[in-house]
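Enquirer: Here it is: the structure, laid out below.
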Amino acid sequence: MLQPCRPISLATMTSSPFSVSVFDLFKIGIGPSSSHTVGPMIAARQFACYLQASVGLAAVHGVAVELFGSLSATGVGHGTDRAVLLGLAGHEPDRINPEQIAPAIAQIRSSGTLALLGTHTVPFIEKEHLLFRRKSLPLHPNGMCFHAVNAQGEEIATREYYSVGGGFVIDATGERVLNLAAGADADAETAGHGRGLPYPFRTGAELLAQCQATGLTPAQLMAANEQHWRSDGEVRRQLLAIWQTMAGAVQRGCASTGNLPGPLHVRRRAAELHKSLSSHPEAALRDPLAMLDWVNLYAMAVNEENAAGGRVVTAPTNGAAGVIPAVLHYYVNFLLGAGKVNEDGIATFLLTAGAIGIIYKENASLSGAEVGCQGEVGVACSMAAGALAAVMGGTPEQIENAAEIGMEHNLGMTCDPVGGLVQIPCIERNAMGAIKAINAARMALRGDGQHVVSLDKVIKTMMQTGADMKVKYKETSRGGLAVTVVEC
């Protein structure tokens with residue numbers, strides 16, 4: 001069921017550096033991409049809501065959309081075209097049933113019309129009204145421009161948006177566009193759970209200083225900060241909902257067979273691997289590293305679901321959606337023991353991961369189109385490493401060290417999806433990121449937290465490396481494996 005638009009509301013990204021919530025980093029949505037699918041769907045729905053609030057839908061006789069930069073280069077493979085149509089029609093990434101997508105798109109394409117917000121029908125022919133522009137707009141490689149015209153063909157509204165990674169969207173002024181679908185979040189922000197965050201931090205050094213001054217862990221600080229927006233009970237409920245969605249993605253991935261969508265005909269491997277591992281439990285007694293096979297399975301299952309357009313959690317992006325669930329499943333199934341779910345431990349894991357992710361969001365980028373895959377799988381690895389160190393009893397200093405190790409050894413990683421699809425090398429790359437995170441946590445826990453390279457320094461280096469990286473290696477499918485595989 002389509003939800004009505006809420007009042008247009010913008011929250012400034014730059015003037016409020018401590019405004020990112022753990023639930024901004026962990027969003028329930030659909031695949032295959034947070035920046036190319038989730039973000040554009042939010043932006044398209046926002047534009048339709050803007051039209052309703054400004055000129056009124058009845059005045060609109062046509063709309064057109066321009067996609068720029070990376071959204072143009074890999075938009076079809078990442079589902080950007082479908083996301084834009086769905087968003088204009090009023091659908092929301094956290095609410096739409098993945099099984100509704102194909103029929104909804106088919107109806108728009110066959111009829112040559114689109115019902116804005118599901119109520120006002122206008123002509124829409126994709127080759128005329130959805131245009132792919134190779135150049136980039138000024139603020140970010142993932143740019144979009146929406147236009148509306150009246151009965152005389154005169155432009156009556158235009159809006160520019162940028163999908164800056166992890167499902168975050170900003171407008172042409174650099175202000176963050178709230179997902180109007182996120183009613184609970186919008187309500188919570190005005191509900192008054194505190195005038196300001198009790199423990200603000202923007203850097204790793206500030207997070208450690210808060211921990212040292214208060215004696216609290218990163219997870220405890222985050223829990224207190226989250227109550228600026230939501231009650232303690234609601235924070236807990238939403239964290240467990242994130243975990244349940246992650247677990248559901250693993251389960252569906254382990255049960256689904258066949259090929260992934262697209263011309264590469266990539267075979268889904270998770271179901272076969274799950275069957276093999278489940279039928280030979282005795283092998284684990286002979287091979288002490290058999291646990292790695294299960295971690296690989298968890299990550300691949302999630303990312304196969306993501307590549308198929310299924311329901312996943314942006315963590316912190318869809319392209320990296322398998323890393324954190326895989327490491328969290330490792331904690332639940334191997335450190336606790338299968339069936340021994342510890343809700344406190346799951347909350348600690350996700351809150352710690354969120355604290356680390358906020359530092360990346362505030363100081364660098366989560367966008368493969370801006371900094372390469374180091375900003376996606378690299379950040380997810382760093383978040384997962386710190387979170388695992390936390391639930392394994394690490395000190396704040398060891399947690400920060402684990403997060404630093406997780407990124408240090410992903411520096412320079414390119415984003416070169418073959419065929420513009422989030423399949424090769426993305427699915428296996430998530431498995432590798434999960435294994436790196438586990439090892440990073442173990443290395444940090446064997447130390448005392450003292451180390452030469454700080455988390456803040458490695459984040460600064462990641463951003464500088466992304467700036468130096470050639471554009472063809474940043475989610476354009478014009479370099480790296482994307483070119484080599486085609487040439488072969």
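If you're wondering about the labels, chains in the structure tokens are A, B, ... by order shown, residues count from 1 in each chain, ligands from 1 in order shown.
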Residues of stretch 38-284 of chain A in strand (DSSP E) according to DSSP, as a short mmCIF file (atom, residue, chain, number, x, y, z; two decimals) with N, CA and C atoms, in the first residue's frame?

Expert:
```
data_model
loop_
_atom_site.label_atom_id
_atom_site.label_comp_id
_atom_site.auth_asym_id
_atom_site.auth_seq_id
_atom_site.Cartn_x
_atom_site.Cartn_y
_atom_site.Cartn_z
N GLY A 62 3.59 16.11 -17.55
CA GLY A 62 4.71 15.30 -17.99
C GLY A 62 5.89 15.46 -17.07
N VAL A 63 6.68 14.41 -16.94
CA VAL A 63 7.91 14.47 -16.16
C VAL A 63 9.05 13.85 -16.98
N ALA A 64 10.25 14.30 -16.70
CA ALA A 64 11.44 13.74 -17.34
C ALA A 64 12.55 13.68 -16.30
N VAL A 65 13.43 12.71 -16.46
CA VAL A 65 14.51 12.50 -15.51
C VAL A 65 15.81 12.35 -16.27
N GLU A 66 16.86 13.02 -15.80
CA GLU A 66 18.20 12.86 -16.35
C GLU A 66 19.09 12.21 -15.30
N LEU A 67 19.82 11.18 -15.69
CA LEU A 67 20.76 10.50 -14.81
C LEU A 67 22.17 10.81 -15.28
N PHE A 68 23.05 11.17 -14.35
CA PHE A 68 24.38 11.64 -14.70
C PHE A 68 25.47 10.73 -14.10
N THR A 113 2.57 4.99 -19.61
CA THR A 113 2.11 6.00 -18.65
C THR A 113 2.65 5.67 -17.26
N LEU A 114 2.63 6.69 -16.40
CA LEU A 114 3.09 6.51 -15.02
C LEU A 114 2.17 7.31 -14.12
N ALA A 115 1.68 6.69 -13.06
CA ALA A 115 0.81 7.37 -12.11
C ALA A 115 1.65 7.96 -10.98
N LEU A 116 1.85 9.27 -10.98
CA LEU A 116 2.63 9.92 -9.93
C LEU A 116 1.98 9.69 -8.57
N HIS A 120 -1.98 10.25 -10.08
CA HIS A 120 -2.10 11.18 -11.21
C HIS A 120 -1.29 10.65 -12.38
N THR A 121 -1.95 10.27 -13.46
CA THR A 121 -1.30 9.60 -14.58
C THR A 121 -0.78 10.62 -15.60
N VAL A 122 0.50 10.41 -16.00
CA VAL A 122 1.11 11.24 -17.05
C VAL A 122 1.77 10.31 -18.05
N PRO A 123 1.99 10.77 -19.29
CA PRO A 123 2.71 9.94 -20.25
C PRO A 123 4.15 9.71 -19.78
N LEU A 130 13.44 9.28 -19.73
CA LEU A 130 14.49 8.85 -18.80
C LEU A 130 15.80 8.85 -19.58
N LEU A 131 16.62 9.86 -19.36
CA LEU A 131 17.78 10.12 -20.20
C LEU A 131 19.08 9.88 -19.44
N PHE A 132 20.02 9.24 -20.10
CA PHE A 132 21.31 8.91 -19.49
C PHE A 132 22.37 9.86 -20.03
N ARG A 133 23.00 10.61 -19.12
CA ARG A 133 24.02 11.59 -19.49
C ARG A 133 25.37 11.12 -18.99
N GLY A 143 24.49 11.93 -9.82
CA GLY A 143 23.58 13.05 -9.90
C GLY A 143 22.32 12.74 -10.69
N MET A 144 21.20 13.38 -10.31
CA MET A 144 19.91 13.23 -11.00
C MET A 144 19.26 14.59 -11.13
N CYS A 145 18.56 14.82 -12.23
CA CYS A 145 17.79 16.04 -12.39
C CYS A 145 16.39 15.69 -12.85
N PHE A 146 15.39 16.15 -12.11
CA PHE A 146 13.98 15.85 -12.39
C PHE A 146 13.29 17.11 -12.92
N HIS A 147 12.45 16.94 -13.93
CA HIS A 147 11.73 18.05 -14.53
C HIS A 147 10.25 17.71 -14.63
N ALA A 148 9.40 18.75 -14.52
CA ALA A 148 7.96 18.60 -14.73
C ALA A 148 7.48 19.72 -15.64
N VAL A 149 6.52 19.40 -16.52
CA VAL A 149 5.97 20.39 -17.44
C VAL A 149 4.45 20.42 -17.31
N GLU A 155 8.14 24.18 -18.53
CA GLU A 155 8.68 23.59 -17.30
C GLU A 155 8.15 24.35 -16.10
N ILE A 156 7.57 23.62 -15.17
CA ILE A 156 6.99 24.25 -13.97
C ILE A 156 7.72 23.86 -12.69
N ALA A 157 8.62 22.89 -12.80
CA ALA A 157 9.41 22.49 -11.62
C ALA A 157 10.63 21.72 -12.07
N THR A 158 11.73 21.93 -11.39
CA THR A 158 12.94 21.14 -11.61
C THR A 158 13.67 21.00 -10.29
N ARG A 159 14.22 19.83 -10.04
CA ARG A 159 14.96 19.58 -8.80
C ARG A 159 16.17 18.71 -9.11
N GLU A 160 17.25 19.00 -8.42
CA GLU A 160 18.50 18.27 -8.60
C GLU A 160 18.81 17.51 -7.31
N TYR A 161 19.16 16.23 -7.44
CA TYR A 161 19.47 15.40 -6.28
C TYR A 161 20.75 14.62 -6.53
N TYR A 162 21.38 14.21 -5.43
CA TYR A 162 22.59 13.39 -5.51
C TYR A 162 22.44 12.21 -4.54
N SER A 163 22.72 11.01 -5.04
CA SER A 163 22.73 9.82 -4.20
C SER A 163 24.17 9.57 -3.78
N VAL A 164 24.50 9.91 -2.54
CA VAL A 164 25.90 10.03 -2.14
C VAL A 164 26.44 8.78 -1.43
N GLY A 165 25.72 7.67 -1.52
CA GLY A 165 26.20 6.43 -0.94
C GLY A 165 25.40 6.00 0.27
N PHE A 168 21.89 7.57 1.25
CA PHE A 168 21.79 8.97 1.62
C PHE A 168 21.58 9.80 0.35
N VAL A 169 20.71 10.80 0.43
CA VAL A 169 20.42 11.68 -0.70
C VAL A 169 20.54 13.12 -0.24
N ILE A 170 21.18 13.95 -1.08
CA ILE A 170 21.25 15.38 -0.81
C ILE A 170 20.68 16.14 -2.00
N ASP A 171 20.31 17.40 -1.78
CA ASP A 171 19.81 18.21 -2.88
C ASP A 171 20.94 19.10 -3.41
N ARG A 176 20.72 17.38 3.24
CA ARG A 176 20.24 16.02 3.20
C ARG A 176 18.74 15.97 3.00
N VAL A 177 18.32 15.08 2.12
CA VAL A 177 16.90 14.85 1.87
C VAL A 177 16.45 13.67 2.70
#
```

Enquirer: Fewer than 4 positions away in the same chain doesn't count, so skip those; otherwise give me all residues within 8 Å of A:Ser382, counting only C-alpha atoms, as a VMD selection string.

Expert: chain A and resid 356 378 386 402 to 407 437

Enquirer: Would you mind listing what lies within 12 Å of A:Met1 as a list in words, with only C-alpha atoms counted and same-chain residues fewer than 5 positions away left out?

Expert: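 Counting only C-alpha atoms, the residues come to Ala89, Gly90, His91, Glu92, Arg95, Ile96, Asn97, Gln100, Leu117, Gly118 and Ala181 of chain A.
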
Enquirer: Would you save the residues from that selection as a CSV table (one decimal), in the first residue's frame, using C-alpha atoms?

Expert:
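Dumped to result16.csv:
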```
chain,number,residue,atom,x,y,z
A,89,ALA,CA,4.9,6.1,-8.7
A,90,GLY,CA,5.1,6.5,-4.9
A,91,HIS,CA,6.9,3.3,-3.8
A,92,GLU,CA,9.4,3.3,-1.0
A,95,ARG,CA,8.1,-0.9,2.2
A,96,ILE,CA,7.9,-2.3,-1.4
A,97,ASN,CA,7.5,-6.1,-1.7
A,100,GLN,CA,5.7,-6.3,-6.7
A,117,LEU,CA,2.3,8.8,-6.3
A,118,GLY,CA,-0.2,6.2,-7.6
A,181,ALA,CA,8.8,7.1,3.9
```

Enquirer: Residues at most 9 Å from A:Trp294, counting only C-alpha atoms, excluding those fewer than 3 positions away in the same chain, as a VMD selection string?

Expert: chain A and resid 273 to 274 277 290 to 291 297 to 299 326 330

Enquirer: Write out the residues from the selection above, keeping N, CA and C atoms, as a JSON list (two decimals), in the first residue's frame.

Expert:
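out-v9.json, written as the output of this step:
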```json
[["chain", "number", "residue", "atom", "x", "y", "z"],
["A", 273, "LEU", "N", 26.27, -24.56, -1.62],
["A", 273, "LEU", "CA", 27.28, -24.57, -0.56],
["A", 273, "LEU", "C", 26.64, -24.89, 0.78],
["A", 274, "HIS", "N", 25.46, -24.34, 1.04],
["A", 274, "HIS", "CA", 24.76, -24.61, 2.30],
["A", 274, "HIS", "C", 24.41, -26.09, 2.42],
["A", 277, "LEU", "N", 27.72, -28.03, 3.17],
["A", 277, "LEU", "CA", 28.21, -27.84, 4.53],
["A", 277, "LEU", "C", 27.30, -28.51, 5.55],
["A", 290, "ALA", "N", 37.13, -24.84, 8.70],
["A", 290, "ALA", "CA", 35.83, -25.02, 8.05],
["A", 290, "ALA", "C", 34.87, -23.88, 8.39],
["A", 291, "MET", "N", 35.12, -23.24, 9.53],
["A", 291, "MET", "CA", 34.30, -22.08, 9.90],
["A", 291, "MET", "C", 34.32, -21.01, 8.81],
["A", 297, "LEU", "N", 29.70, -18.45, 3.16],
["A", 297, "LEU", "CA", 28.31, -18.75, 2.81],
["A", 297, "LEU", "C", 27.39, -17.61, 3.23],
["A", 298, "TYR", "N", 27.53, -17.16, 4.48],
["A", 298, "TYR", "CA", 26.64, -16.09, 4.96],
["A", 298, "TYR", "C", 26.73, -14.86, 4.07],
["A", 299, "ALA", "N", 27.96, -14.45, 3.75],
["A", 299, "ALA", "CA", 28.15, -13.23, 2.95],
["A", 299, "ALA", "C", 27.62, -13.42, 1.54],
["A", 326, "ALA", "N", 27.46, -11.40, 7.79],
["A", 326, "ALA", "CA", 28.30, -12.60, 7.86],
["A", 326, "ALA", "C", 29.07, -12.66, 9.16],
["A", 330, "TYR", "N", 28.68, -15.17, 12.32],
["A", 330, "TYR", "CA", 29.84, -15.85, 12.91],
["A", 330, "TYR", "C", 29.80, -15.73, 14.43]]
```

Enquirer: Write out as a count of residues only the residues lying within 10 Å of stretch 411-417 of chain A, counting only C-alpha atoms and excluding same-chain residues fewer than 6 positions away.

Expert: 45

Enquirer: As a count of residues only, which residues of stretch 322-441 of chain A does DSSP assign to helix (DSSP H, G or I)?

Expert: 90

Enquirer: Excluding same-chain residues fewer than 2 positions from A:Ala390, what lies within 12 Å of it counting only C-alpha atoms, as a PyMOL selection string?

Expert: chain A and resi 217-220+328+331+344-353+355-356+383-388+392-403+438+441-442+444-445

Enquirer: Go ahead and write the selection's residues with C-alpha atoms as a tab-separated table (two decimals), in the first residue's frame.

Expert:
```
chain	number	residue	atom	x	y	z
A	217	THR	CA	31.74	1.59	25.72
A	218	PRO	CA	31.13	2.80	22.14
A	219	ALA	CA	27.89	0.78	22.08
A	220	GLN	CA	26.67	2.36	25.33
A	328	LEU	CA	27.35	-11.16	13.02
A	331	TYR	CA	29.41	-14.31	16.38
A	344	ASP	CA	22.32	-7.80	24.17
A	345	GLY	CA	25.27	-8.99	22.11
A	346	ILE	CA	23.47	-8.33	18.82
A	347	ALA	CA	22.58	-4.81	19.97
A	348	THR	CA	26.17	-4.18	21.08
A	349	PHE	CA	27.46	-5.43	17.72
A	350	LEU	CA	25.18	-3.20	15.64
A	351	LEU	CA	25.59	-0.11	17.83
A	352	THR	CA	29.39	-0.43	17.74
A	353	ALA	CA	29.35	-0.93	13.98
A	355	ALA	CA	29.52	4.27	15.77
A	356	ILE	CA	32.37	3.39	13.43
A	383	MET	CA	32.66	-1.59	10.99
A	384	ALA	CA	32.39	-5.36	11.36
A	385	ALA	CA	35.91	-5.69	12.76
A	386	GLY	CA	35.28	-3.13	15.48
A	387	ALA	CA	31.88	-4.62	16.29
A	388	LEU	CA	33.27	-8.13	16.61
A	392	MET	CA	34.50	-10.39	22.18
A	393	GLY	CA	35.23	-8.15	25.16
A	394	GLY	CA	37.58	-5.63	23.58
A	395	THR	CA	38.37	-2.29	25.16
A	396	PRO	CA	37.47	0.91	23.28
A	397	GLU	CA	41.12	1.16	22.21
A	398	GLN	CA	41.10	-2.40	20.85
A	399	ILE	CA	37.80	-1.73	19.07
A	400	GLU	CA	39.28	1.35	17.39
A	401	ASN	CA	42.37	-0.65	16.47
A	402	ALA	CA	40.29	-3.43	14.91
A	403	ALA	CA	38.36	-0.89	12.83
A	438	ILE	CA	37.29	-11.43	11.71
A	441	ALA	CA	39.35	-8.19	15.35
A	442	ARG	CA	41.50	-11.12	16.45
A	444	ALA	CA	43.50	-6.20	17.70
A	445	LEU	CA	42.41	-8.31	20.66
```

Enquirer: With only C-alpha atoms as the basis for distance, which of A:Ala315, A:Ala247, A:Val60, A:Ala53 is at the shortest distance from A:Phe23?

Expert: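 That would be A:Ala315, the residue with the smallest distance to A:Phe23.
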
Enquirer: Which distance in Å separates atom CA of A:Ser35 and atom CA of A:Gly166, to one decimal?

Expert: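 Atom-to-atom, atom CA of A:Ser35 to atom CA of A:Gly166, that is 5.8 Å.
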
Enquirer: Using only C-alpha atoms, which residue out of A:Lys436, A:Lys135, A:His265, A:His451 lies closest to A:Cys381?

Expert: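 With only C-alpha atoms as the atom set, the closest residue is A:Lys436.
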
Enquirer: For atom CA of A:Gln212 and atom CA of A:Arg230, determine how far apart the two atoms are, in Å to one decimal place.

Expert: 25.4 Å

Enquirer: Would you work out the distance separating atom CA of A:Arg268 from atom CA of A:Arg286, expressed in Å to one decimal?

Expert: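 Spanning atom CA of A:Arg268 to atom CA of A:Arg286 is a straight-line distance of 27.4 Å.
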
Enquirer: I want to know what sits within 8 Å of A:Met41, based on only C-alpha atoms, with residues of the same chain fewer than 6 positions away left out; could you give that as a PyMOL selection string?

Expert: chain A and resi 80+83-88+91-93

Enquirer: I'd like to know which of A:Gly79, A:Gly31, A:Gly112, A:Gly253 is closest to A:Ile125, using only C-alpha atoms.

Expert: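 Looking only at the distances to A:Ile125, the closest residue turns out to be A:Gly112.
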